[in-house]
file my_file-v8.txt (compact mmCIF, C-alpha atoms)
# COMPACT_ATOMS: atom_id res chain seq x y z
CA MET S 1 -43.00 55.46 -5.02
CA SER S 2 -45.59 57.42 -6.94
CA GLN S 3 -45.74 56.79 -10.66
CA LEU S 4 -46.93 58.70 -13.67
CA VAL S 5 -48.75 56.06 -15.71
CA LEU S 6 -48.60 56.46 -19.44
CA ALA S 7 -52.23 55.92 -20.39
CA SER S 8 -53.19 54.92 -23.90
CA ALA S 9 -56.22 57.14 -24.44
CA ASN S 10 -55.75 57.53 -28.17
CA PRO S 11 -54.33 54.35 -29.71
CA ALA S 12 -52.79 54.90 -33.12
CA PRO S 13 -54.78 53.76 -36.15
CA ARG S 14 -53.27 51.20 -38.49
CA ALA S 15 -52.55 54.06 -40.92
CA ARG S 16 -49.74 55.15 -38.57
CA LEU S 17 -48.04 51.76 -38.46
CA SER S 18 -45.81 52.63 -41.40
CA THR S 19 -44.70 55.81 -39.63
CA GLN S 20 -43.87 53.85 -36.49
CA TRP S 21 -41.81 51.29 -38.36
CA ALA S 22 -40.04 54.02 -40.29
CA HIS S 23 -39.09 55.73 -37.03
CA ASP S 24 -37.55 52.57 -35.54
CA ILE S 25 -35.77 51.70 -38.78
CA ARG S 26 -34.36 55.23 -38.90
CA ASN S 27 -33.03 54.85 -35.35
CA ALA S 28 -31.46 51.49 -36.18
CA LEU S 29 -29.81 52.79 -39.34
CA ALA S 30 -28.61 55.93 -37.57
CA THR S 31 -26.93 53.70 -35.01
CA VAL S 32 -25.32 51.69 -37.81
CA GLY S 33 -23.96 54.96 -39.16
CA LEU S 34 -22.37 55.72 -35.79
CA HIS S 35 -20.79 52.26 -35.75
CA LEU S 36 -19.30 52.81 -39.19
CA GLU S 37 -17.95 56.23 -38.25
CA THR S 38 -16.20 54.64 -35.30
CA LEU S 39 -14.79 51.89 -37.52
CA GLU S 40 -12.94 54.54 -39.50
CA ARG S 41 -10.97 55.42 -36.38
CA LEU S 42 -10.41 51.93 -35.03
CA SER S 43 -8.63 48.76 -36.01
CA GLY S 44 -8.01 45.31 -34.62
CA SER S 45 -10.44 43.31 -32.49
CA ARG S 46 -12.36 46.38 -31.32
CA GLY S 47 -13.07 47.32 -34.92
CA ARG S 48 -14.26 43.80 -35.68
CA ASP S 49 -16.64 43.88 -32.70
CA ILE S 50 -18.19 47.13 -33.90
CA ALA S 51 -18.50 45.82 -37.45
CA HIS S 52 -20.30 42.77 -36.07
CA ALA S 53 -22.73 45.00 -34.13
CA ALA S 54 -23.36 47.03 -37.28
CA HIS S 55 -24.11 43.89 -39.26
CA ILE S 56 -26.62 42.67 -36.65
CA LEU S 57 -28.39 46.04 -36.61
CA MET S 58 -28.64 46.12 -40.39
CA SER S 59 -30.16 42.62 -40.31
CA ARG S 60 -32.72 43.74 -37.74
CA ALA S 61 -33.58 46.79 -39.85
CA ALA S 62 -34.17 44.54 -42.85
CA ALA S 63 -36.38 42.27 -40.72
CA MET S 64 -38.43 45.29 -39.64
CA CYS S 65 -38.98 46.25 -43.28
CA ASN S 66 -40.09 42.72 -44.11
CA GLU S 67 -42.49 42.64 -41.17
CA ALA S 68 -43.96 46.03 -42.06
CA MET S 69 -44.75 44.77 -45.56
CA ALA S 70 -46.21 41.54 -44.19
CA GLN S 71 -48.46 43.41 -41.75
CA ALA S 72 -49.67 45.75 -44.48
CA ALA S 73 -50.90 42.71 -46.41
CA GLN S 74 -52.88 41.33 -43.45
CA ALA S 75 -56.41 42.36 -42.54
CA GLU S 76 -55.56 41.89 -38.87
CA PRO S 77 -52.04 41.53 -37.43
CA THR S 78 -51.39 38.11 -35.92
CA SER S 79 -50.11 37.76 -32.37
CA ARG S 80 -46.53 36.55 -32.03
CA ARG S 81 -46.36 36.38 -28.27
CA ARG S 82 -44.29 33.57 -26.82
CA GLY S 83 -42.22 32.85 -23.76
CA PHE S 84 -38.62 34.08 -23.84
CA ASP S 85 -35.92 35.28 -21.45
CA ILE S 86 -36.04 39.09 -21.44
CA VAL S 87 -32.51 39.25 -19.98
CA THR S 88 -31.20 37.89 -23.28
CA THR S 89 -32.99 40.68 -25.15
CA ILE S 90 -31.63 43.30 -22.73
CA MET S 91 -28.09 42.04 -23.32
CA GLN S 92 -28.60 42.18 -27.08
CA VAL S 93 -29.76 45.81 -26.86
CA ALA S 94 -26.84 46.73 -24.61
CA ASP S 95 -24.25 45.04 -26.83
CA LEU S 96 -25.56 46.78 -29.94
CA LEU S 97 -25.71 50.25 -28.39
CA ARG S 98 -22.55 50.31 -26.25
CA PRO S 99 -20.25 51.13 -29.21
CA THR S 100 -22.32 54.27 -29.94
CA ALA S 101 -22.12 55.66 -26.40
CA PRO S 102 -19.71 58.50 -25.60
CA GLU S 103 -16.49 57.67 -23.77
CA GLY S 104 -17.11 56.92 -20.10
CA PHE S 105 -20.84 56.24 -20.51
CA GLU S 106 -21.97 52.83 -19.21
CA ILE S 107 -24.94 50.56 -19.88
CA LEU S 108 -25.43 48.52 -16.72
CA ILE S 109 -27.57 45.38 -16.37
CA SER S 110 -28.80 44.18 -12.99
CA GLY S 111 -30.84 41.08 -12.26
CA SER S 112 -30.14 37.56 -11.07
CA GLY S 113 -31.15 34.53 -13.13
CA SER S 114 -33.55 34.32 -16.06
CA PHE S 115 -36.84 36.19 -16.36
CA ILE S 116 -39.31 34.57 -18.75
CA VAL S 117 -41.99 36.88 -20.16
CA LEU S 118 -44.92 36.31 -22.49
CA ALA S 119 -44.61 38.81 -25.34
CA ASP S 120 -43.40 39.36 -28.90
CA PRO S 121 -39.57 39.35 -28.67
CA GLN S 122 -39.26 41.81 -31.56
CA ASP S 123 -41.66 44.26 -29.90
CA VAL S 124 -39.80 44.06 -26.58
CA PHE S 125 -36.50 44.62 -28.37
CA ARG S 126 -37.93 47.75 -29.99
CA ILE S 127 -39.21 49.10 -26.66
CA LEU S 128 -35.88 48.65 -24.89
CA PHE S 129 -33.87 49.82 -27.89
CA ASN S 130 -35.89 53.06 -27.97
CA LEU S 131 -35.42 53.73 -24.24
CA VAL S 132 -31.67 53.06 -24.16
CA HIS S 133 -31.14 54.81 -27.51
CA ASN S 134 -32.78 57.93 -26.06
CA ALA S 135 -30.49 57.91 -23.00
CA ILE S 136 -27.40 57.61 -25.18
CA ALA S 137 -28.64 60.36 -27.48
CA VAL S 138 -28.89 62.68 -24.47
CA ALA S 139 -25.42 61.64 -23.29
CA ARG S 140 -23.91 62.38 -26.70
CA ARG S 141 -25.33 65.90 -26.69
CA ARG S 142 -24.65 66.88 -23.08
CA ASN S 143 -21.66 67.24 -20.82
CA LYS S 144 -20.64 63.69 -19.92
CA LYS S 145 -20.68 64.64 -16.24
CA GLN S 146 -24.45 65.25 -16.47
CA ILE S 147 -25.32 61.71 -17.55
CA THR S 148 -22.86 58.87 -17.04
CA HIS S 149 -24.90 55.68 -17.22
CA VAL S 150 -28.21 53.97 -17.80
CA THR S 151 -29.17 50.93 -15.72
CA LEU S 152 -31.58 48.16 -16.69
CA LEU S 153 -32.80 46.38 -13.56
CA VAL S 154 -34.99 43.28 -13.95
CA GLU S 155 -37.28 42.17 -11.13
CA ARG S 156 -40.18 39.79 -10.69
CA VAL S 157 -43.12 40.22 -8.33
CA GLY S 158 -45.78 37.52 -8.58
CA THR S 159 -46.69 37.08 -12.23
CA THR S 160 -45.24 40.43 -13.34
CA VAL S 161 -41.71 41.00 -14.64
CA THR S 162 -40.57 44.62 -14.45
CA VAL S 163 -37.64 46.19 -16.29
CA ARG S 164 -36.54 49.47 -14.71
CA VAL S 165 -34.61 51.65 -17.18
CA ALA S 166 -33.01 54.49 -15.23
CA ASP S 167 -30.37 57.07 -16.13
CA ASP S 168 -28.56 59.59 -13.93
CA GLY S 169 -29.13 62.56 -16.22
CA PRO S 170 -30.82 65.90 -15.57
CA GLY S 171 -34.32 64.44 -15.84
CA LEU S 172 -37.27 65.61 -17.92
CA PRO S 173 -38.64 69.16 -17.60
CA LYS S 174 -42.26 69.41 -16.44
CA ALA S 175 -43.39 70.65 -19.85
CA VAL S 176 -41.88 67.59 -21.52
CA ARG S 177 -43.39 65.20 -18.97
CA ALA S 178 -46.85 66.69 -19.55
CA ASN S 179 -46.66 65.97 -23.30
CA LEU S 180 -44.45 62.91 -23.20
CA PHE S 181 -46.70 60.69 -25.27
CA ARG S 182 -47.83 63.12 -27.92
CA PRO S 183 -45.90 63.14 -31.21
CA GLN S 184 -43.88 66.35 -31.28
CA ALA S 185 -40.51 67.72 -32.24
CA SER S 186 -37.95 66.43 -29.75
CA ALA S 187 -34.88 68.08 -28.31
CA MET S 188 -32.84 65.50 -30.19
CA GLY S 189 -34.09 66.73 -33.56
CA GLY S 190 -36.48 63.82 -34.19
CA THR S 191 -40.24 63.50 -34.38
CA GLY S 192 -40.73 62.71 -30.70
CA ILE S 193 -42.77 59.57 -31.34
CA GLY S 194 -40.29 57.03 -29.96
CA LEU S 195 -41.96 56.88 -26.55
CA VAL S 196 -45.41 56.78 -28.15
CA ILE S 197 -44.32 53.71 -30.09
CA ALA S 198 -42.78 52.09 -27.00
CA ARG S 199 -45.96 52.58 -24.98
CA GLU S 200 -48.17 51.16 -27.73
CA LEU S 201 -45.92 48.14 -28.19
CA ALA S 202 -46.02 47.45 -24.45
CA GLU S 203 -49.81 47.61 -24.35
CA ARG S 204 -50.10 45.49 -27.51
CA ASN S 205 -48.30 42.79 -25.52
CA GLY S 206 -50.55 43.10 -22.47
CA GLY S 207 -47.96 45.18 -20.63
CA VAL S 208 -47.60 48.68 -19.24
CA LEU S 209 -44.98 51.37 -19.71
CA GLN S 210 -44.73 53.90 -16.90
CA LEU S 211 -42.66 56.95 -16.14
CA ALA S 212 -41.64 56.69 -12.49
CA ASP S 213 -40.73 59.50 -10.15
CA SER S 214 -37.03 59.46 -9.34
CA ALA S 215 -34.71 61.59 -7.25
CA ARG S 216 -32.39 62.04 -10.21
CA GLY S 217 -32.51 61.36 -13.91
CA THR S 218 -35.31 59.65 -15.81
CA THR S 219 -36.77 56.25 -14.94
CA PHE S 220 -39.13 54.15 -17.04
CA LEU S 221 -40.82 50.96 -15.87
CA LEU S 222 -41.80 48.27 -18.37
CA GLU S 223 -44.15 45.66 -16.92
CA LEU S 224 -44.88 42.40 -18.75
CA THR S 225 -46.58 39.12 -17.91
CA GLY S 226 -44.08 36.69 -16.44
CA LEU S 227 -44.00 32.92 -16.85
CA ALA S 228 -42.60 30.40 -14.40
CA ALA S 229 -40.58 28.75 -17.18
CA LEU S 230 -40.28 28.50 -20.92
CA PRO S 231 -43.23 26.75 -22.62
CA ALA S 232 -42.59 23.14 -23.63
CA GLU S 233 -42.31 23.98 -27.33
CA GLU S 234 -39.66 26.62 -26.59
CA ARG S 235 -37.65 24.19 -24.44
CA GLY S 236 -37.89 21.64 -27.24
CA ALA S 237 -36.62 24.16 -29.78
CA LEU S 238 -33.64 24.98 -27.55
CA ARG S 239 -32.81 21.28 -27.11
CA SER S 240 -32.97 20.76 -30.88
CA LEU S 241 -30.70 23.74 -31.42
CA GLY S 242 -28.24 22.38 -28.89
CA LYS S 243 -28.14 19.00 -30.67
CA ARG S 244 -27.48 20.66 -34.03
CA VAL S 245 -24.70 22.79 -32.58
CA GLY S 246 -23.09 19.72 -31.00
CA GLU S 247 -23.14 17.73 -34.23
call {"tool": "encode", "arguments": {"input": "my_file-v8.txt", "output": "C-alpha cells"}}
result
Amino acid sequence: MSQLVLASANPAPRARLSTQWAHDIRNALATVGLHLETLERLSGSRGRDIAHAAHILMSRAAAMCNEAMAQAAQAEPTSRRRGFDIVTTIMQVADLLRPTAPEGFEILISGSGSFIVLADPQDVFRILFNLVHNAIAVARRRNKKQITHVTLLVERVGTTVTVRVADDGPGLPKAVRANLFRPQASAMGGTGIGLVIARELAERNGGVLQLADSARGTTFLLELTGLAALPAEERGALRSLGKRVGE
C-alpha cells in the first residue's frame, strides 16, 4: 500500500507551544460541553457514565494547563518517554469520546494482547484524541450513512508498533490532502492545526504519523517504537499499586 508520509519540514518554534496546548484544551473542553448537553437529556446509569467521562476530561484539561505552564518555565523541555501499553490509552480515548458520537456511530478497537511502546503517554493520548475527535466531528456534521465508524487497529512488526486509525467516511479531497499539515481554517470551523500538532507530537516521541491511501474513508498510521515488555521500574510500580489496592 502506498503511503503519503507527513514530513516535518518546518517544525514549530517554541513560541507556538502555547497555541498548540490551547487547541487541545479547547477540543477537550468542547467535548466536555457535549457531555453536559447530553446529561440534560439523560438520567440513571447512562447519565452517571457520561458525567464520569466529563469529569475525567476536565481533569486532563487541567493537567494540560499545568504542563503548559511548567514547560514555559523550562529552558528545554524534559523527555517523559516511558514504556506503557498503548491499548490502554486507546481504550481511554474511546471511552471518553463515545458519548459525544452521533447515534449509530461506533468506535471500534482491534488488536490482540498488549502493545508496549516507548513514548510520552500524554503525547500519545493527545495524538489519538485528535484523530478520533476529528472523525466524530465529521460524523456529527454529515449524514450518518456517510460515516458510521472509526476503527483503531494495533499491530506490531519487529520493533515498531503501528496504530491504524481508519474511518469509512467520504475521505479527504485532494486539495485538503495537499495542505493537510499547514495551519488553515478547517471545514469544522477550527484552526486546522490539530493534525499539525499530532504529527509534531509523534515525531517528538521518535515516531511517524502517516496518511495512508485507502479505498474508502480516511486512514492515518501512527508508528512508535515498541518494547518487548514493560521496563522493570514500570512493572514494580504496577506491583506496588496492586498491593495498595489489595490492602
call {"tool": "atom_distance", "arguments": {"input": "my_file-v8.txt", "atom1": "atom CA of S:Val117", "atom2": "atom CA of S:Thr160"}}
result
8.3 Å
call {"tool": "atom_distance", "arguments": {"input": "my_file-v8.txt", "atom1": "atom CA of S:Ile25", "atom2": "atom CA of S:Arg141"}}
result
21.4 Å
call {"tool": "closest_residue", "arguments": {"input": "my_file-v8.txt", "among": "S:Ala119, S:Leu29, S:Val154, S:Leu227", "to": "S:His55", "atoms": "only C-alpha atoms"}}
result
S:Leu29
call {"tool": "residues_near_point", "arguments": {"input": "my_file-v8.txt", "point": "(-25.8, 55.5, -33.0)", "cutoff": "9 Å", "atoms": "only C-alpha atoms", "output": "PyMOL selection string"}}
result
chain S and resi 27-35+97+99-101+133+136-137
call {"tool": "atom_distance", "arguments": {"input": "my_file-v8.txt", "atom1": "atom CA of S:Leu153", "atom2": "atom CA of S:Ile90"}}
result
9.7 Å
call {"tool": "closest_residue", "arguments": {"input": "my_file-v8.txt", "among": "S:Ser110, S:Thr88, S:Leu221, S:Ala61", "to": "S:Leu131", "atoms": "all atoms listed in the file"}}
result
S:Leu221
call {"tool": "closest_residue", "arguments": {"input": "my_file-v8.txt", "among": "S:Ala62, S:Ala175, S:Ala229, S:Val87", "to": "S:Gly113", "atoms": "all atoms listed in the file"}}
result
S:Val87
call {"tool": "residues_around", "arguments": {"input": "my_file-v8.txt", "residues": "S:Ala94", "least_positions_apart": "3", "cutoff": "9 Å", "atoms": "all atoms listed in the file", "output": "list in words"}}
result
Thr89, Ile90, Met91, Leu97, Arg98, Ile107, Leu108, Ile109, Phe129 and Val132 of chain S
call {"tool": "write_last_selection", "arguments": {"input": "my_file-v8.txt", "atoms": "C-alpha atoms", "output": "PDB file, keeping the file's coordinate frame"}}
result
ATOM      1  CA  THR S  89     -32.990  40.680 -25.150  1.00  0.00           C
ATOM      2  CA  ILE S  90     -31.630  43.300 -22.730  1.00  0.00           C
ATOM      3  CA  MET S  91     -28.090  42.040 -23.320  1.00  0.00           C
ATOM      4  CA  LEU S  97     -25.710  50.250 -28.390  1.00  0.00           C
ATOM      5  CA  ARG S  98     -22.550  50.310 -26.250  1.00  0.00           C
ATOM      6  CA  ILE S 107     -24.940  50.560 -19.880  1.00  0.00           C
ATOM      7  CA  LEU S 108     -25.430  48.520 -16.720  1.00  0.00           C
ATOM      8  CA  ILE S 109     -27.570  45.380 -16.370  1.00  0.00           C
ATOM      9  CA  PHE S 129     -33.870  49.820 -27.890  1.00  0.00           C
ATOM     10  CA  VAL S 132     -31.670  53.060 -24.160  1.00  0.00           C
TER      11      VAL S 132
END
call {"tool": "residues_around", "arguments": {"input": "my_file-v8.txt", "residues": "S:Val208", "least_positions_apart": "6", "cutoff": "6 Å", "atoms": "all atoms listed in the file", "output": "ChimeraX atom specification"}}
result
/S:202,222-223
call {"tool": "closest_residue", "arguments": {"input": "my_file-v8.txt", "among": "S:Pro102, S:Gln122, S:Thr225, S:Arg164", "to": "S:Leu211", "atoms": "all atoms listed in the file"}}
result
S:Arg164
call {"tool": "residues_near_point", "arguments": {"input": "my_file-v8.txt", "point": "(-32.2, 69.2, -17.1)", "cutoff": "10 Å", "atoms": "only C-alpha atoms", "output": "MDAnalysis selection string"}}
result
chainID S and resid 142 146 169:173 216:217
call {"tool": "closest_residue", "arguments": {"input": "my_file-v8.txt", "among": "S:Leu209, S:Ala54, S:Ile197, S:Leu224", "to": "S:Ile116", "atoms": "only C-alpha atoms"}}
result
S:Leu224
call {"tool": "closest_residue", "arguments": {"input": "my_file-v8.txt", "among": "S:Phe105, S:Trp21, S:Phe220, S:Phe84", "to": "S:Val124", "atoms": "only C-alpha atoms"}}
result
S:Phe84
call {"tool": "residues_around", "arguments": {"input": "my_file-v8.txt", "residues": "S:Gly47", "least_positions_apart": "5", "cutoff": "12 Å", "atoms": "all atoms listed in the file", "output": "short mmCIF file (atom, residue, chain, number, x, y, z; two decimals) with C-alpha atoms, in the coordinates of the input"}}
result
data_model
loop_
_atom_site.label_atom_id
_atom_site.label_comp_id
_atom_site.auth_asym_id
_atom_site.auth_seq_id
_atom_site.Cartn_x
_atom_site.Cartn_y
_atom_site.Cartn_z
CA HIS S 35 -20.79 52.26 -35.75
CA LEU S 36 -19.30 52.81 -39.19
CA GLU S 37 -17.95 56.23 -38.25
CA THR S 38 -16.20 54.64 -35.30
CA LEU S 39 -14.79 51.89 -37.52
CA GLU S 40 -12.94 54.54 -39.50
CA ARG S 41 -10.97 55.42 -36.38
CA LEU S 42 -10.41 51.93 -35.03
CA HIS S 52 -20.30 42.77 -36.07
CA ALA S 53 -22.73 45.00 -34.13
CA ALA S 54 -23.36 47.03 -37.28
CA PRO S 99 -20.25 51.13 -29.21
#
call {"tool": "axis_aligned_box", "arguments": {"input": "my_file-v8.txt", "around": "stretch 20-28 of chain S", "padding_each_side": "4 Å", "output": "AutoDock Vina command-line options"}}
result
--center_x -37.7 --center_y 53.5 --center_z -37.8 --size_x 20.4 --size_y 12.4 --size_z 12.9
call {"tool": "build_atoms", "arguments": {"input": "my_file-v8.txt", "residues": "stretch 84-117 of chain S", "atoms": "N, CA and C atoms", "output": "PDB file, keeping the file's coordinate frame"}}
result
ATOM      1  N   PHE S  84     -40.048  33.935 -23.578  1.00  0.00           N
ATOM      2  CA  PHE S  84     -38.620  34.080 -23.840  1.00  0.00           C
ATOM      3  C   PHE S  84     -37.980  34.801 -22.658  1.00  0.00           C
ATOM      4  N   ASP S  85     -36.663  34.670 -22.542  1.00  0.00           N
ATOM      5  CA  ASP S  85     -35.920  35.280 -21.450  1.00  0.00           C
ATOM      6  C   ASP S  85     -35.602  36.732 -21.812  1.00  0.00           C
ATOM      7  N   ILE S  86     -36.211  37.687 -21.101  1.00  0.00           N
ATOM      8  CA  ILE S  86     -36.040  39.090 -21.440  1.00  0.00           C
ATOM      9  C   ILE S  86     -34.614  39.567 -21.143  1.00  0.00           C
ATOM     10  N   VAL S  87     -33.890  38.874 -20.262  1.00  0.00           N
ATOM     11  CA  VAL S  87     -32.510  39.250 -19.980  1.00  0.00           C
ATOM     12  C   VAL S  87     -31.651  39.111 -21.245  1.00  0.00           C
ATOM     13  N   THR S  88     -31.927  38.076 -22.029  1.00  0.00           N
ATOM     14  CA  THR S  88     -31.200  37.890 -23.280  1.00  0.00           C
ATOM     15  C   THR S  88     -31.425  39.066 -24.219  1.00  0.00           C
ATOM     16  N   THR S  89     -32.676  39.523 -24.305  1.00  0.00           N
ATOM     17  CA  THR S  89     -32.990  40.680 -25.150  1.00  0.00           C
ATOM     18  C   THR S  89     -32.306  41.936 -24.639  1.00  0.00           C
ATOM     19  N   ILE S  90     -32.297  42.133 -23.328  1.00  0.00           N
ATOM     20  CA  ILE S  90     -31.630  43.300 -22.730  1.00  0.00           C
ATOM     21  C   ILE S  90     -30.147  43.291 -23.079  1.00  0.00           C
ATOM     22  N   MET S  91     -29.522  42.134 -22.997  1.00  0.00           N
ATOM     23  CA  MET S  91     -28.090  42.040 -23.320  1.00  0.00           C
ATOM     24  C   MET S  91     -27.834  42.329 -24.787  1.00  0.00           C
ATOM     25  N   GLN S  92     -28.748  41.887 -25.663  1.00  0.00           N
ATOM     26  CA  GLN S  92     -28.600  42.180 -27.080  1.00  0.00           C
ATOM     27  C   GLN S  92     -28.655  43.693 -27.332  1.00  0.00           C
ATOM     28  N   VAL S  93     -29.632  44.365 -26.712  1.00  0.00           N
ATOM     29  CA  VAL S  93     -29.760  45.810 -26.860  1.00  0.00           C
ATOM     30  C   VAL S  93     -28.499  46.508 -26.358  1.00  0.00           C
ATOM     31  N   ALA S  94     -28.027  46.101 -25.189  1.00  0.00           N
ATOM     32  CA  ALA S  94     -26.840  46.730 -24.610  1.00  0.00           C
ATOM     33  C   ALA S  94     -25.614  46.533 -25.487  1.00  0.00           C
ATOM     34  N   ASP S  95     -25.422  45.319 -25.999  1.00  0.00           N
ATOM     35  CA  ASP S  95     -24.250  45.040 -26.830  1.00  0.00           C
ATOM     36  C   ASP S  95     -24.271  45.843 -28.129  1.00  0.00           C
ATOM     37  N   LEU S  96     -25.459  46.051 -28.684  1.00  0.00           N
ATOM     38  CA  LEU S  96     -25.560  46.780 -29.940  1.00  0.00           C
ATOM     39  C   LEU S  96     -25.379  48.283 -29.757  1.00  0.00           C
ATOM     40  N   LEU S  97     -25.756  48.805 -28.600  1.00  0.00           N
ATOM     41  CA  LEU S  97     -25.710  50.250 -28.390  1.00  0.00           C
ATOM     42  C   LEU S  97     -24.446  50.745 -27.679  1.00  0.00           C
ATOM     43  N   ARG S  98     -23.753  49.869 -26.975  1.00  0.00           N
ATOM     44  CA  ARG S  98     -22.550  50.310 -26.250  1.00  0.00           C
ATOM     45  C   ARG S  98     -21.522  50.995 -27.170  1.00  0.00           C
ATOM     46  N   PRO S  99     -21.266  50.471 -28.373  1.00  0.00           N
ATOM     47  CA  PRO S  99     -20.250  51.130 -29.210  1.00  0.00           C
ATOM     48  C   PRO S  99     -20.620  52.548 -29.637  1.00  0.00           C
ATOM     49  N   THR S 100     -21.898  52.926 -29.527  1.00  0.00           N
ATOM     50  CA  THR S 100     -22.320  54.270 -29.940  1.00  0.00           C
ATOM     51  C   THR S 100     -22.299  55.272 -28.795  1.00  0.00           C
ATOM     52  N   ALA S 101     -22.086  54.781 -27.571  1.00  0.00           N
ATOM     53  CA  ALA S 101     -22.120  55.660 -26.400  1.00  0.00           C
ATOM     54  C   ALA S 101     -20.840  56.481 -26.318  1.00  0.00           C
ATOM     55  N   PRO S 102     -20.917  57.690 -25.762  1.00  0.00           N
ATOM     56  CA  PRO S 102     -19.710  58.500 -25.600  1.00  0.00           C
ATOM     57  C   PRO S 102     -18.758  57.854 -24.595  1.00  0.00           C
ATOM     58  N   GLU S 103     -17.494  58.239 -24.657  1.00  0.00           N
ATOM     59  CA  GLU S 103     -16.490  57.670 -23.770  1.00  0.00           C
ATOM     60  C   GLU S 103     -16.888  57.891 -22.304  1.00  0.00           C
ATOM     61  N   GLY S 104     -16.798  56.829 -21.525  1.00  0.00           N
ATOM     62  CA  GLY S 104     -17.110  56.920 -20.100  1.00  0.00           C
ATOM     63  C   GLY S 104     -18.557  56.595 -19.763  1.00  0.00           C
ATOM     64  N   PHE S 105     -19.430  56.548 -20.763  1.00  0.00           N
ATOM     65  CA  PHE S 105     -20.840  56.240 -20.510  1.00  0.00           C
ATOM     66  C   PHE S 105     -21.005  54.724 -20.402  1.00  0.00           C
ATOM     67  N   GLU S 106     -21.800  54.267 -19.443  1.00  0.00           N
ATOM     68  CA  GLU S 106     -21.970  52.830 -19.210  1.00  0.00           C
ATOM     69  C   GLU S 106     -23.428  52.414 -19.345  1.00  0.00           C
ATOM     70  N   ILE S 107     -23.631  51.214 -19.881  1.00  0.00           N
ATOM     71  CA  ILE S 107     -24.940  50.560 -19.880  1.00  0.00           C
ATOM     72  C   ILE S 107     -24.825  49.403 -18.903  1.00  0.00           C
ATOM     73  N   LEU S 108     -25.533  49.503 -17.787  1.00  0.00           N
ATOM     74  CA  LEU S 108     -25.430  48.520 -16.720  1.00  0.00           C
ATOM     75  C   LEU S 108     -26.671  47.631 -16.693  1.00  0.00           C
ATOM     76  N   ILE S 109     -26.468  46.339 -16.445  1.00  0.00           N
ATOM     77  CA  ILE S 109     -27.570  45.380 -16.370  1.00  0.00           C
ATOM     78  C   ILE S 109     -27.554  44.734 -14.997  1.00  0.00           C
ATOM     79  N   SER S 110     -28.707  44.742 -14.331  1.00  0.00           N
ATOM     80  CA  SER S 110     -28.800  44.180 -12.990  1.00  0.00           C
ATOM     81  C   SER S 110     -30.009  43.253 -12.904  1.00  0.00           C
ATOM     82  N   GLY S 111     -29.764  42.058 -12.383  1.00  0.00           N
ATOM     83  CA  GLY S 111     -30.840  41.080 -12.260  1.00  0.00           C
ATOM     84  C   GLY S 111     -30.239  39.694 -12.182  1.00  0.00           C
ATOM     85  N   SER S 112     -30.709  38.877 -11.278  1.00  0.00           N
ATOM     86  CA  SER S 112     -30.140  37.560 -11.070  1.00  0.00           C
ATOM     87  C   SER S 112     -31.015  36.476 -11.678  1.00  0.00           C
ATOM     88  N   GLY S 113     -30.417  35.640 -12.528  1.00  0.00           N
ATOM     89  CA  GLY S 113     -31.150  34.530 -13.130  1.00  0.00           C
ATOM     90  C   GLY S 113     -31.862  34.929 -14.403  1.00  0.00           C
ATOM     91  N   SER S 114     -32.781  34.065 -14.843  1.00  0.00           N
ATOM     92  CA  SER S 114     -33.550  34.320 -16.060  1.00  0.00           C
ATOM     93  C   SER S 114     -34.933  34.844 -15.677  1.00  0.00           C
ATOM     94  N   PHE S 115     -35.510  35.624 -16.580  1.00  0.00           N
ATOM     95  CA  PHE S 115     -36.840  36.190 -16.360  1.00  0.00           C
ATOM     96  C   PHE S 115     -37.652  35.940 -17.630  1.00  0.00           C
ATOM     97  N   ILE S 116     -38.522  34.946 -17.580  1.00  0.00           N
ATOM     98  CA  ILE S 116     -39.310  34.570 -18.750  1.00  0.00           C
ATOM     99  C   ILE S 116     -40.564  35.431 -18.823  1.00  0.00           C
ATOM    100  N   VAL S 117     -40.792  36.055 -19.959  1.00  0.00           N
ATOM    101  CA  VAL S 117     -41.990  36.880 -20.160  1.00  0.00           C
ATOM    102  C   VAL S 117     -42.774  36.343 -21.348  1.00  0.00           C
TER     103      VAL S 117
END
